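> Next comes the structure file work04.txt, holding compact mmCIF, N, CA and C atoms and all ligand atoms.
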# COMPACT_ATOMS: atom_id res chain seq x y z
N MET A 134 2.26 -37.26 8.57
CA MET A 134 3.33 -36.26 8.66
C MET A 134 3.67 -36.04 10.13
N ILE A 135 4.95 -36.03 10.43
CA ILE A 135 5.41 -35.82 11.80
C ILE A 135 5.32 -34.33 12.14
N LYS A 136 4.93 -34.03 13.39
CA LYS A 136 4.73 -32.62 13.76
C LYS A 136 6.05 -31.87 13.81
N ASN A 137 7.02 -32.34 14.56
CA ASN A 137 8.31 -31.65 14.67
C ASN A 137 9.41 -32.60 14.21
N PRO A 138 9.60 -32.72 12.89
CA PRO A 138 10.61 -33.67 12.44
C PRO A 138 12.01 -33.15 12.73
N GLU A 139 12.93 -34.08 12.97
CA GLU A 139 14.34 -33.70 13.08
C GLU A 139 14.87 -33.55 11.68
N PHE A 140 15.52 -32.45 11.40
CA PHE A 140 15.94 -32.17 10.04
C PHE A 140 17.31 -32.75 9.71
N TYR A 141 18.14 -32.95 10.71
CA TYR A 141 19.51 -33.40 10.42
C TYR A 141 19.83 -34.67 11.15
N LEU A 142 20.82 -35.34 10.60
CA LEU A 142 21.23 -36.65 11.10
C LEU A 142 22.76 -36.67 11.06
N ILE A 143 23.37 -37.22 12.09
CA ILE A 143 24.83 -37.35 12.10
C ILE A 143 25.14 -38.82 11.80
N ILE A 144 25.88 -39.05 10.73
CA ILE A 144 26.22 -40.43 10.37
C ILE A 144 27.74 -40.57 10.26
N ALA A 145 28.18 -41.76 10.01
CA ALA A 145 29.60 -42.10 9.86
C ALA A 145 30.39 -41.73 11.11
N GLY A 146 29.87 -42.08 12.26
CA GLY A 146 30.58 -41.85 13.51
C GLY A 146 30.77 -40.38 13.84
N GLY A 147 29.81 -39.54 13.44
CA GLY A 147 29.89 -38.11 13.76
C GLY A 147 30.62 -37.31 12.71
N LYS A 148 30.98 -37.94 11.60
CA LYS A 148 31.76 -37.22 10.58
C LYS A 148 30.88 -36.49 9.56
N ILE A 149 29.67 -37.04 9.30
CA ILE A 149 28.83 -36.47 8.24
C ILE A 149 27.51 -36.01 8.86
N ARG A 150 27.14 -34.78 8.58
CA ARG A 150 25.85 -34.24 9.00
C ARG A 150 25.02 -34.12 7.72
N CYS A 151 23.87 -34.78 7.68
CA CYS A 151 23.07 -34.76 6.45
C CYS A 151 21.61 -34.58 6.82
N ARG A 152 20.80 -34.35 5.81
CA ARG A 152 19.35 -34.22 6.03
C ARG A 152 18.76 -35.57 6.38
N ARG A 153 17.80 -35.55 7.26
CA ARG A 153 17.15 -36.79 7.67
C ARG A 153 15.83 -36.94 6.94
N CYS A 154 15.48 -38.16 6.58
CA CYS A 154 14.20 -38.44 5.92
C CYS A 154 13.06 -38.01 6.84
N LYS A 155 12.08 -37.29 6.29
CA LYS A 155 11.00 -36.76 7.12
C LYS A 155 9.78 -37.66 7.16
N ALA A 156 9.88 -38.82 6.52
CA ALA A 156 8.72 -39.72 6.48
C ALA A 156 8.46 -40.34 7.85
N GLN A 157 7.19 -40.70 8.07
CA GLN A 157 6.79 -41.30 9.33
C GLN A 157 6.49 -42.78 9.11
N SER A 158 6.98 -43.60 10.00
CA SER A 158 6.70 -45.02 9.90
C SER A 158 5.24 -45.28 10.25
N SER A 159 4.55 -46.03 9.42
CA SER A 159 3.14 -46.30 9.71
C SER A 159 3.01 -47.31 10.84
N ARG A 160 4.05 -48.11 11.07
CA ARG A 160 3.98 -49.12 12.11
C ARG A 160 4.34 -48.53 13.48
N THR A 161 5.49 -47.87 13.56
CA THR A 161 5.93 -47.35 14.86
C THR A 161 5.56 -45.90 15.09
N LYS A 162 5.09 -45.18 14.07
CA LYS A 162 4.75 -43.77 14.12
C LYS A 162 5.96 -42.90 14.46
N LEU A 163 7.15 -43.40 14.22
CA LEU A 163 8.36 -42.62 14.46
C LEU A 163 8.91 -42.12 13.13
N GLN A 164 9.79 -41.14 13.20
CA GLN A 164 10.39 -40.59 12.00
C GLN A 164 11.40 -41.59 11.43
N CYS A 165 11.41 -41.71 10.13
CA CYS A 165 12.36 -42.60 9.46
C CYS A 165 13.78 -42.17 9.84
N SER A 166 14.66 -43.10 10.07
CA SER A 166 15.99 -42.75 10.55
C SER A 166 17.05 -42.82 9.46
N LYS A 167 16.62 -42.93 8.19
CA LYS A 167 17.60 -42.96 7.11
C LYS A 167 17.91 -41.53 6.64
N PRO A 168 19.08 -41.32 6.08
CA PRO A 168 19.36 -40.00 5.51
C PRO A 168 18.55 -39.76 4.25
N ALA A 169 18.14 -38.52 4.03
CA ALA A 169 17.38 -38.19 2.83
C ALA A 169 18.31 -38.16 1.63
N LEU A 170 17.74 -38.35 0.46
CA LEU A 170 18.53 -38.27 -0.77
C LEU A 170 18.95 -36.83 -1.01
N LYS A 171 20.00 -36.67 -1.80
CA LYS A 171 20.54 -35.34 -2.07
C LYS A 171 19.49 -34.47 -2.76
N GLY A 172 19.19 -33.34 -2.18
CA GLY A 172 18.21 -32.42 -2.76
C GLY A 172 16.78 -32.79 -2.49
N LYS A 173 16.54 -33.84 -1.69
CA LYS A 173 15.18 -34.28 -1.40
C LYS A 173 14.96 -34.25 0.11
N ALA A 174 13.69 -34.42 0.50
CA ALA A 174 13.36 -34.43 1.92
C ALA A 174 13.13 -35.84 2.43
N VAL A 175 13.11 -36.83 1.54
CA VAL A 175 12.85 -38.20 1.94
C VAL A 175 13.92 -39.13 1.37
N CYS A 176 14.01 -40.32 1.99
CA CYS A 176 14.96 -41.32 1.53
C CYS A 176 14.39 -42.04 0.30
N GLY A 177 15.18 -42.88 -0.30
CA GLY A 177 14.74 -43.62 -1.47
C GLY A 177 13.59 -44.56 -1.17
N HIS A 178 13.58 -45.10 0.05
CA HIS A 178 12.50 -46.01 0.44
C HIS A 178 11.16 -45.29 0.54
N HIS A 179 11.19 -44.00 0.85
CA HIS A 179 9.95 -43.26 1.06
C HIS A 179 9.59 -42.35 -0.10
N GLY A 180 10.06 -42.65 -1.27
CA GLY A 180 9.61 -41.93 -2.46
C GLY A 180 10.58 -40.89 -2.97
N GLY A 181 11.84 -40.93 -2.50
CA GLY A 181 12.81 -39.96 -2.95
C GLY A 181 13.19 -40.14 -4.41
N TYR A 182 13.07 -41.37 -4.92
CA TYR A 182 13.42 -41.62 -6.32
C TYR A 182 12.27 -41.30 -7.26
N SER A 183 11.09 -41.03 -6.70
CA SER A 183 9.94 -40.79 -7.56
C SER A 183 10.09 -39.46 -8.29
N THR A 184 9.78 -39.46 -9.55
CA THR A 184 9.85 -38.23 -10.33
C THR A 184 8.48 -37.62 -10.51
N GLY A 185 7.43 -38.30 -10.10
CA GLY A 185 6.08 -37.81 -10.35
C GLY A 185 5.72 -38.04 -11.80
N PRO A 186 4.56 -37.56 -12.22
CA PRO A 186 4.17 -37.77 -13.61
C PRO A 186 5.08 -36.96 -14.53
N ARG A 187 5.51 -37.56 -15.62
CA ARG A 187 6.41 -36.88 -16.56
C ARG A 187 5.71 -36.56 -17.87
N SER A 188 4.90 -37.50 -18.35
CA SER A 188 4.26 -37.27 -19.65
C SER A 188 3.10 -36.29 -19.48
N LYS A 189 2.71 -35.69 -20.57
CA LYS A 189 1.62 -34.72 -20.54
C LYS A 189 0.32 -35.38 -20.09
N GLU A 190 0.08 -36.61 -20.56
CA GLU A 190 -1.14 -37.33 -20.17
C GLU A 190 -1.13 -37.60 -18.67
N GLY A 191 0.04 -38.00 -18.16
CA GLY A 191 0.15 -38.31 -16.74
C GLY A 191 -0.10 -37.09 -15.88
N LYS A 192 0.47 -35.95 -16.29
CA LYS A 192 0.26 -34.72 -15.52
C LYS A 192 -1.20 -34.31 -15.53
N ASN A 193 -1.84 -34.44 -16.69
CA ASN A 193 -3.26 -34.09 -16.77
C ASN A 193 -4.11 -35.03 -15.93
N ARG A 194 -3.72 -36.32 -15.90
CA ARG A 194 -4.46 -37.29 -15.10
C ARG A 194 -4.38 -36.93 -13.61
N ILE A 195 -3.19 -36.53 -13.15
CA ILE A 195 -3.02 -36.14 -11.75
C ILE A 195 -3.83 -34.89 -11.44
N ARG A 196 -3.81 -33.93 -12.38
CA ARG A 196 -4.60 -32.70 -12.18
C ARG A 196 -6.09 -33.03 -12.06
N ALA A 197 -6.56 -33.93 -12.93
CA ALA A 197 -7.98 -34.29 -12.90
C ALA A 197 -8.32 -35.05 -11.63
N ALA A 198 -7.38 -35.86 -11.15
CA ALA A 198 -7.65 -36.65 -9.95
C ALA A 198 -7.73 -35.75 -8.72
N HIS A 199 -6.95 -34.65 -8.71
CA HIS A 199 -6.95 -33.77 -7.55
C HIS A 199 -8.06 -32.73 -7.60
N LEU A 200 -8.77 -32.66 -8.72
CA LEU A 200 -9.82 -31.66 -8.87
C LEU A 200 -11.11 -32.19 -8.27
N LYS A 201 -11.59 -31.50 -7.21
CA LYS A 201 -12.84 -31.96 -6.58
C LYS A 201 -14.03 -31.26 -7.20
N HIS A 202 -13.84 -29.98 -7.56
CA HIS A 202 -14.88 -29.23 -8.25
C HIS A 202 -14.17 -28.15 -9.03
N GLY A 203 -14.81 -27.55 -9.98
CA GLY A 203 -14.15 -26.56 -10.82
C GLY A 203 -14.28 -25.15 -10.31
N GLU A 204 -14.65 -24.99 -9.02
CA GLU A 204 -14.96 -23.67 -8.50
C GLU A 204 -13.73 -22.78 -8.41
N GLU A 205 -12.60 -23.33 -8.06
CA GLU A 205 -11.42 -22.50 -7.83
C GLU A 205 -10.29 -22.78 -8.82
N THR A 206 -10.60 -23.26 -9.99
CA THR A 206 -9.55 -23.45 -10.99
C THR A 206 -9.14 -22.08 -11.51
N LEU A 207 -7.97 -22.02 -12.13
CA LEU A 207 -7.47 -20.73 -12.64
C LEU A 207 -8.41 -20.17 -13.68
N GLU A 208 -8.99 -21.07 -14.51
CA GLU A 208 -9.92 -20.61 -15.55
C GLU A 208 -11.16 -19.99 -14.92
N ALA A 209 -11.70 -20.65 -13.87
CA ALA A 209 -12.91 -20.13 -13.23
C ALA A 209 -12.63 -18.79 -12.56
N LYS A 210 -11.44 -18.66 -11.95
CA LYS A 210 -11.09 -17.40 -11.30
C LYS A 210 -10.97 -16.29 -12.33
N ALA A 211 -10.31 -16.60 -13.46
CA ALA A 211 -10.12 -15.58 -14.49
C ALA A 211 -11.47 -15.15 -15.07
N GLU A 212 -12.36 -16.12 -15.26
CA GLU A 212 -13.69 -15.80 -15.80
C GLU A 212 -14.47 -14.91 -14.83
N ARG A 213 -14.41 -15.26 -13.55
CA ARG A 213 -15.12 -14.49 -12.53
C ARG A 213 -14.55 -13.07 -12.45
N SER A 214 -13.23 -12.97 -12.52
CA SER A 214 -12.59 -11.65 -12.46
C SER A 214 -12.99 -10.81 -13.67
N ALA A 215 -13.03 -11.42 -14.87
CA ALA A 215 -13.40 -10.69 -16.08
C ALA A 215 -14.84 -10.21 -15.98
N LYS A 216 -15.72 -11.04 -15.40
CA LYS A 216 -17.12 -10.64 -15.25
C LYS A 216 -17.25 -9.49 -14.27
N SER A 217 -16.48 -9.51 -13.17
CA SER A 217 -16.62 -8.42 -12.21
C SER A 217 -16.07 -7.12 -12.79
N VAL A 218 -15.03 -7.22 -13.63
CA VAL A 218 -14.54 -6.01 -14.33
C VAL A 218 -15.64 -5.47 -15.23
N MET A 219 -16.30 -6.40 -15.95
CA MET A 219 -17.38 -6.02 -16.87
C MET A 219 -18.51 -5.31 -16.11
N PHE A 220 -18.93 -5.85 -14.98
CA PHE A 220 -20.03 -5.24 -14.23
C PHE A 220 -19.60 -3.92 -13.59
N ARG A 221 -18.32 -3.82 -13.25
CA ARG A 221 -17.83 -2.55 -12.70
C ARG A 221 -17.93 -1.45 -13.75
N TYR A 222 -17.55 -1.76 -15.00
CA TYR A 222 -17.66 -0.77 -16.07
C TYR A 222 -19.13 -0.48 -16.38
N LEU A 223 -19.98 -1.51 -16.32
CA LEU A 223 -21.41 -1.28 -16.56
C LEU A 223 -21.98 -0.32 -15.52
N SER A 224 -21.62 -0.52 -14.25
CA SER A 224 -22.16 0.36 -13.22
C SER A 224 -21.58 1.76 -13.36
N ASP A 225 -20.31 1.87 -13.82
CA ASP A 225 -19.74 3.21 -14.07
C ASP A 225 -20.51 3.94 -15.16
N ILE A 226 -20.81 3.19 -16.24
CA ILE A 226 -21.55 3.80 -17.35
C ILE A 226 -22.95 4.20 -16.89
N GLY A 227 -23.61 3.33 -16.13
CA GLY A 227 -24.94 3.64 -15.61
C GLY A 227 -24.92 4.85 -14.70
N ASN A 228 -23.89 4.96 -13.86
CA ASN A 228 -23.76 6.14 -13.00
C ASN A 228 -23.53 7.39 -13.83
N HIS A 229 -22.75 7.24 -14.88
CA HIS A 229 -22.43 8.40 -15.73
C HIS A 229 -23.69 8.90 -16.44
N CYS A 230 -24.58 7.98 -16.85
CA CYS A 230 -25.80 8.36 -17.58
C CYS A 230 -26.96 8.67 -16.64
N ASN A 231 -26.73 8.65 -15.33
CA ASN A 231 -27.79 8.82 -14.33
C ASN A 231 -28.91 7.81 -14.57
N MET A 232 -28.54 6.58 -14.84
CA MET A 232 -29.50 5.54 -15.14
C MET A 232 -30.22 5.07 -13.88
N PHE A 233 -29.56 5.19 -12.75
CA PHE A 233 -30.12 4.68 -11.50
C PHE A 233 -30.68 5.83 -10.68
N TYR A 234 -31.60 5.54 -9.79
CA TYR A 234 -32.21 6.60 -9.01
C TYR A 234 -31.21 7.24 -8.06
N LYS A 235 -30.15 6.51 -7.72
CA LYS A 235 -29.04 7.12 -7.00
C LYS A 235 -27.75 6.46 -7.47
N GLN A 236 -26.64 7.12 -7.23
CA GLN A 236 -25.35 6.60 -7.70
C GLN A 236 -25.07 5.24 -7.05
N LEU A 237 -24.71 4.26 -7.89
CA LEU A 237 -24.35 2.95 -7.35
C LEU A 237 -22.96 3.05 -6.74
N THR A 238 -22.82 2.48 -5.57
CA THR A 238 -21.49 2.44 -4.96
C THR A 238 -21.05 0.99 -4.90
N THR A 239 -19.76 0.79 -4.97
CA THR A 239 -19.22 -0.56 -4.87
C THR A 239 -18.36 -0.63 -3.63
N ARG A 240 -18.24 -1.85 -3.13
CA ARG A 240 -17.44 -2.03 -1.92
C ARG A 240 -16.20 -2.83 -2.26
N GLY A 241 -15.19 -2.69 -1.44
CA GLY A 241 -13.98 -3.48 -1.61
C GLY A 241 -13.06 -2.91 -2.67
N ARG A 242 -11.95 -3.59 -2.85
CA ARG A 242 -10.98 -3.12 -3.84
C ARG A 242 -11.52 -3.41 -5.23
N PRO A 243 -11.12 -2.59 -6.21
CA PRO A 243 -11.57 -2.87 -7.58
C PRO A 243 -10.94 -4.16 -8.09
N PRO A 244 -11.64 -4.87 -8.97
CA PRO A 244 -11.08 -6.11 -9.50
C PRO A 244 -9.85 -5.84 -10.35
N SER A 245 -8.94 -6.81 -10.43
CA SER A 245 -7.73 -6.60 -11.22
C SER A 245 -8.13 -6.54 -12.70
N GLY A 246 -7.53 -5.63 -13.41
CA GLY A 246 -7.89 -5.41 -14.81
C GLY A 246 -8.82 -4.23 -14.97
N TYR A 247 -9.25 -3.65 -13.85
CA TYR A 247 -10.14 -2.50 -13.90
C TYR A 247 -9.33 -1.24 -13.68
N ALA A 248 -9.54 -0.25 -14.51
CA ALA A 248 -8.92 1.06 -14.33
C ALA A 248 -10.01 2.09 -14.47
N LYS A 249 -10.05 3.01 -13.51
CA LYS A 249 -11.11 4.03 -13.54
C LYS A 249 -10.91 4.92 -14.77
N LEU A 250 -11.97 5.06 -15.56
CA LEU A 250 -11.89 5.86 -16.78
C LEU A 250 -12.68 7.14 -16.58
N ASP A 251 -12.24 8.19 -17.28
CA ASP A 251 -12.94 9.47 -17.27
C ASP A 251 -14.02 9.41 -18.35
N LEU A 252 -15.27 9.16 -17.95
CA LEU A 252 -16.32 8.89 -18.93
C LEU A 252 -16.83 10.14 -19.64
N THR A 253 -16.39 11.33 -19.22
CA THR A 253 -16.77 12.54 -19.96
C THR A 253 -16.01 12.62 -21.28
N ASP A 254 -14.86 11.93 -21.36
CA ASP A 254 -14.11 11.85 -22.61
C ASP A 254 -14.76 10.78 -23.49
N PRO A 255 -15.17 11.12 -24.71
CA PRO A 255 -15.88 10.13 -25.55
C PRO A 255 -15.03 8.89 -25.89
N GLU A 256 -13.73 9.08 -26.05
CA GLU A 256 -12.87 7.92 -26.36
C GLU A 256 -12.86 6.93 -25.20
N GLN A 257 -12.74 7.47 -23.99
CA GLN A 257 -12.71 6.58 -22.83
C GLN A 257 -14.08 5.97 -22.56
N LEU A 258 -15.14 6.71 -22.90
CA LEU A 258 -16.49 6.14 -22.77
C LEU A 258 -16.65 4.96 -23.73
N ALA A 259 -16.15 5.12 -24.97
CA ALA A 259 -16.23 4.03 -25.94
C ALA A 259 -15.42 2.83 -25.46
N LEU A 260 -14.25 3.12 -24.85
CA LEU A 260 -13.41 2.04 -24.33
C LEU A 260 -14.14 1.29 -23.21
N ALA A 261 -14.83 2.05 -22.34
CA ALA A 261 -15.58 1.42 -21.25
C ALA A 261 -16.72 0.56 -21.81
N ILE A 262 -17.38 1.06 -22.85
CA ILE A 262 -18.47 0.28 -23.48
C ILE A 262 -17.91 -1.00 -24.08
N LEU A 263 -16.73 -0.89 -24.73
CA LEU A 263 -16.11 -2.08 -25.31
C LEU A 263 -15.76 -3.10 -24.25
N LYS A 264 -15.36 -2.60 -23.07
CA LYS A 264 -14.97 -3.53 -22.01
C LYS A 264 -16.16 -4.25 -21.39
N THR A 265 -17.38 -3.74 -21.63
CA THR A 265 -18.55 -4.44 -21.10
C THR A 265 -19.01 -5.55 -22.04
N MET A 266 -18.44 -5.61 -23.24
CA MET A 266 -18.80 -6.68 -24.18
C MET A 266 -18.13 -7.97 -23.71
N PRO A 267 -18.88 -9.08 -23.73
CA PRO A 267 -18.24 -10.34 -23.37
C PRO A 267 -17.24 -10.77 -24.43
N ARG A 268 -16.08 -11.32 -23.98
CA ARG A 268 -15.07 -11.78 -24.93
C ARG A 268 -15.51 -13.10 -25.52
N LYS A 269 -14.89 -13.51 -26.57
CA LYS A 269 -15.13 -14.75 -27.33
C LYS A 269 -15.57 -14.44 -28.72
ZN ZN A 301 12.66 -42.73 4.86
Would you mind writing the file out in C-alpha cells?
Ligand SMILES: [Zn+2]

Amino acid sequence: MIKNPEFYLIIAGGKIRCRRCKAQSSRTKLQCSKPALKGKAVCGHHGGYSTGPRSKEGKNRIRAAHLKHGEETLEAKAERSAKSVMFRYLSDIGNHCNMFYKQLTTRGRPPSGYAKLDLTDPEQLALAILKTMPRK
C-alpha cells in the first residue's frame, strides 16, 4: 500500500478528472497510473472487476481463512458479555443477602445488558435470580 497515494488523475488532455488507481507496482514500487473503475479505488488490472466471494460457501471459506483464533469473534464476545452480566447480578444478589464479609465492589462501566435492579422488590429480585441462570 502506498503511503500518500494521489487520488485524482487528469486524462484526455486535461478534459477529464477521474480517480486514480491506488495500487502499487511490485516492480517499480510506484502508484499505478491507470484510472480507477467507476465506484472503485483500483483499476481493472488490480482487482477492480473482482466481486469477492458470492456464494454462501465462498463467504464462509473466506471467514474461516481469516480467523486466526476464536477469541474475538462476535459469538465469543456475546458469550463473554452475557457471563459478565450474569456475574454482576450474582454479586448484586450476594451483596443484597450480606453473603460476603464486605460489600463487593465492581470497577469500570457495567456490561451491556445489565440494568441495576432494586432487590428489595421481590419481583425484581426474582428477575435478577433468573438472569443469573445460564441460557440454553
Ligand atoms: Zn491499477
> With 10 Å as the cut-off and only C-alpha atoms and all ligand atoms counted, what is the closest atom pair between each nearby residue of chain A and ligand ZN 301 (chain A)? Distances in Å to one decimal, ordered by chain and number, as a tab-separated table.

residue	atom	partner	partner_atom	distance
A:Arg153	CA	A:ZN301	ZN	8.0
A:Cys154	CA	A:ZN301	ZN	4.7
A:Lys155	CA	A:ZN301	ZN	6.6
A:Ala156	CA	A:ZN301	ZN	5.2
A:Gln157	CA	A:ZN301	ZN	7.5
A:Ser158	CA	A:ZN301	ZN	8.1
A:Gln164	CA	A:ZN301	ZN	7.8
A:Cys165	CA	A:ZN301	ZN	4.6
A:Ser166	CA	A:ZN301	ZN	6.6
A:Lys167	CA	A:ZN301	ZN	5.4
A:Pro168	CA	A:ZN301	ZN	7.3
A:Ala169	CA	A:ZN301	ZN	6.9
A:Leu170	CA	A:ZN301	ZN	9.3
A:Ala174	CA	A:ZN301	ZN	8.8
A:Val175	CA	A:ZN301	ZN	5.4
A:Cys176	CA	A:ZN301	ZN	4.3
A:Gly177	CA	A:ZN301	ZN	6.7
A:His178	CA	A:ZN301	ZN	5.5
A:His179	CA	A:ZN301	ZN	4.7
A:Gly180	CA	A:ZN301	ZN	8.0
A:Gly181	CA	A:ZN301	ZN	8.3
> Could you please determine the separation between atom C of Asn137 (chain A) and atom N of Arg152 (chain A) in Å, to one decimal place?
14.3 Å
> Just asking: which residues within region 145-216 of chain A are strand (DSSP E or B) according to DSSP, as a PyMOL selection string?
chain A and resi 149-153+157+164+168
> So that I have them on file, write out the residues from the current selection with N, CA and C atoms, as a short mmCIF file (atom, residue, chain, number, x, y, z; two decimals), keeping the file's coordinate frame.

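What landed in out22.cif:
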data_model
loop_
_atom_site.label_atom_id
_atom_site.label_comp_id
_atom_site.auth_asym_id
_atom_site.auth_seq_id
_atom_site.Cartn_x
_atom_site.Cartn_y
_atom_site.Cartn_z
N ILE A 149 29.67 -37.04 9.30
CA ILE A 149 28.83 -36.47 8.24
C ILE A 149 27.51 -36.01 8.86
N ARG A 150 27.14 -34.78 8.58
CA ARG A 150 25.85 -34.24 9.00
C ARG A 150 25.02 -34.12 7.72
N CYS A 151 23.87 -34.78 7.68
CA CYS A 151 23.07 -34.76 6.45
C CYS A 151 21.61 -34.58 6.82
N ARG A 152 20.80 -34.35 5.81
CA ARG A 152 19.35 -34.22 6.03
C ARG A 152 18.76 -35.57 6.38
N ARG A 153 17.80 -35.55 7.26
CA ARG A 153 17.15 -36.79 7.67
C ARG A 153 15.83 -36.94 6.94
N GLN A 157 7.19 -40.70 8.07
CA GLN A 157 6.79 -41.30 9.33
C GLN A 157 6.49 -42.78 9.11
N GLN A 164 9.79 -41.14 13.20
CA GLN A 164 10.39 -40.59 12.00
C GLN A 164 11.40 -41.59 11.43
N PRO A 168 19.08 -41.32 6.08
CA PRO A 168 19.36 -40.00 5.51
C PRO A 168 18.55 -39.76 4.25
#
> Please measure the separation of atom C of Arg240 (chain A) and CA of Asn228 (chain A), giving the value in Å to one decimal.
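Going from atom C of Arg240 (chain A) over to CA of Asn228 (chain A), I get 15.9 Å.
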> Separation of CA of Lys210 (chain A) and CA of Ile195 (chain A), in Å?
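Going from CA of Lys210 (chain A) over to CA of Ile195 (chain A) covers 20.4 Å.
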> Would you return as a compact mmCIF listing (two decimals) with N, CA and C atoms, in the frame of the given file the members of region 137-263 of chain A that DSSP assigns to helix (DSSP H, G or I) on this structure's backbone?

# COMPACT_ATOMS: atom_id res chain seq x y z
N GLY A 177 15.18 -42.88 -0.30
CA GLY A 177 14.74 -43.62 -1.47
C GLY A 177 13.59 -44.56 -1.17
N HIS A 178 13.58 -45.10 0.05
CA HIS A 178 12.50 -46.01 0.44
C HIS A 178 11.16 -45.29 0.54
N HIS A 179 11.19 -44.00 0.85
CA HIS A 179 9.95 -43.26 1.06
C HIS A 179 9.59 -42.35 -0.10
N LYS A 189 2.71 -35.69 -20.57
CA LYS A 189 1.62 -34.72 -20.54
C LYS A 189 0.32 -35.38 -20.09
N GLU A 190 0.08 -36.61 -20.56
CA GLU A 190 -1.14 -37.33 -20.17
C GLU A 190 -1.13 -37.60 -18.67
N GLY A 191 0.04 -38.00 -18.16
CA GLY A 191 0.15 -38.31 -16.74
C GLY A 191 -0.10 -37.09 -15.88
N LYS A 192 0.47 -35.95 -16.29
CA LYS A 192 0.26 -34.72 -15.52
C LYS A 192 -1.20 -34.31 -15.53
N ASN A 193 -1.84 -34.44 -16.69
CA ASN A 193 -3.26 -34.09 -16.77
C ASN A 193 -4.11 -35.03 -15.93
N ARG A 194 -3.72 -36.32 -15.90
CA ARG A 194 -4.46 -37.29 -15.10
C ARG A 194 -4.38 -36.93 -13.61
N ILE A 195 -3.19 -36.53 -13.15
CA ILE A 195 -3.02 -36.14 -11.75
C ILE A 195 -3.83 -34.89 -11.44
N ARG A 196 -3.81 -33.93 -12.38
CA ARG A 196 -4.60 -32.70 -12.18
C ARG A 196 -6.09 -33.03 -12.06
N ALA A 197 -6.56 -33.93 -12.93
CA ALA A 197 -7.98 -34.29 -12.90
C ALA A 197 -8.32 -35.05 -11.63
N ALA A 198 -7.38 -35.86 -11.15
CA ALA A 198 -7.65 -36.65 -9.95
C ALA A 198 -7.73 -35.75 -8.72
N HIS A 199 -6.95 -34.65 -8.71
CA HIS A 199 -6.95 -33.77 -7.55
C HIS A 199 -8.06 -32.73 -7.60
N LEU A 207 -7.97 -22.02 -12.13
CA LEU A 207 -7.47 -20.73 -12.64
C LEU A 207 -8.41 -20.17 -13.68
N GLU A 208 -8.99 -21.07 -14.51
CA GLU A 208 -9.92 -20.61 -15.55
C GLU A 208 -11.16 -19.99 -14.92
N ALA A 209 -11.70 -20.65 -13.87
CA ALA A 209 -12.91 -20.13 -13.23
C ALA A 209 -12.63 -18.79 -12.56
N LYS A 210 -11.44 -18.66 -11.95
CA LYS A 210 -11.09 -17.40 -11.30
C LYS A 210 -10.97 -16.29 -12.33
N ALA A 211 -10.31 -16.60 -13.46
CA ALA A 211 -10.12 -15.58 -14.49
C ALA A 211 -11.47 -15.15 -15.07
N GLU A 212 -12.36 -16.12 -15.26
CA GLU A 212 -13.69 -15.80 -15.80
C GLU A 212 -14.47 -14.91 -14.83
N ARG A 213 -14.41 -15.26 -13.55
CA ARG A 213 -15.12 -14.49 -12.53
C ARG A 213 -14.55 -13.07 -12.45
N SER A 214 -13.23 -12.97 -12.52
CA SER A 214 -12.59 -11.65 -12.46
C SER A 214 -12.99 -10.81 -13.67
N ALA A 215 -13.03 -11.42 -14.87
CA ALA A 215 -13.40 -10.69 -16.08
C ALA A 215 -14.84 -10.21 -15.98
N LYS A 216 -15.72 -11.04 -15.40
CA LYS A 216 -17.12 -10.64 -15.25
C LYS A 216 -17.25 -9.49 -14.27
N SER A 217 -16.48 -9.51 -13.17
CA SER A 217 -16.62 -8.42 -12.21
C SER A 217 -16.07 -7.12 -12.79
N VAL A 218 -15.03 -7.22 -13.63
CA VAL A 218 -14.54 -6.01 -14.33
C VAL A 218 -15.64 -5.47 -15.23
N MET A 219 -16.30 -6.40 -15.95
CA MET A 219 -17.38 -6.02 -16.87
C MET A 219 -18.51 -5.31 -16.11
N PHE A 220 -18.93 -5.85 -14.98
CA PHE A 220 -20.03 -5.24 -14.23
C PHE A 220 -19.60 -3.92 -13.59
N ARG A 221 -18.32 -3.82 -13.25
CA ARG A 221 -17.83 -2.55 -12.70
C ARG A 221 -17.93 -1.45 -13.75
N TYR A 222 -17.55 -1.76 -15.00
CA TYR A 222 -17.66 -0.77 -16.07
C TYR A 222 -19.13 -0.48 -16.38
N LEU A 223 -19.98 -1.51 -16.32
CA LEU A 223 -21.41 -1.28 -16.56
C LEU A 223 -21.98 -0.32 -15.52
N SER A 224 -21.62 -0.52 -14.25
CA SER A 224 -22.16 0.36 -13.22
C SER A 224 -21.58 1.76 -13.36
N ASP A 225 -20.31 1.87 -13.82
CA ASP A 225 -19.74 3.21 -14.07
C ASP A 225 -20.51 3.94 -15.16
N ILE A 226 -20.81 3.19 -16.24
CA ILE A 226 -21.55 3.80 -17.35
C ILE A 226 -22.95 4.20 -16.89
N GLY A 227 -23.61 3.33 -16.13
CA GLY A 227 -24.94 3.64 -15.61
C GLY A 227 -24.92 4.85 -14.70
N ASN A 228 -23.89 4.96 -13.86
CA ASN A 228 -23.76 6.14 -13.00
C ASN A 228 -23.53 7.39 -13.83
N HIS A 229 -22.75 7.24 -14.88
CA HIS A 229 -22.43 8.40 -15.73
C HIS A 229 -23.69 8.90 -16.44
N PRO A 255 -15.17 11.12 -24.71
CA PRO A 255 -15.88 10.13 -25.55
C PRO A 255 -15.03 8.89 -25.89
N GLU A 256 -13.73 9.08 -26.05
CA GLU A 256 -12.87 7.92 -26.36
C GLU A 256 -12.86 6.93 -25.20
N GLN A 257 -12.74 7.47 -23.99
CA GLN A 257 -12.71 6.58 -22.83
C GLN A 257 -14.08 5.97 -22.56
N LEU A 258 -15.14 6.71 -22.90
CA LEU A 258 -16.49 6.14 -22.77
C LEU A 258 -16.65 4.96 -23.73
N ALA A 259 -16.15 5.12 -24.97
CA ALA A 259 -16.23 4.03 -25.94
C ALA A 259 -15.42 2.83 -25.46
N LEU A 260 -14.25 3.12 -24.85
CA LEU A 260 -13.41 2.04 -24.33
C LEU A 260 -14.14 1.29 -23.21
N ALA A 261 -14.83 2.05 -22.34
CA ALA A 261 -15.58 1.42 -21.25
C ALA A 261 -16.72 0.56 -21.81
N ILE A 262 -17.38 1.06 -22.85
CA ILE A 262 -18.47 0.28 -23.48
C ILE A 262 -17.91 -1.00 -24.08
N LEU A 263 -16.73 -0.89 -24.73
CA LEU A 263 -16.11 -2.08 -25.31
C LEU A 263 -15.76 -3.10 -24.25
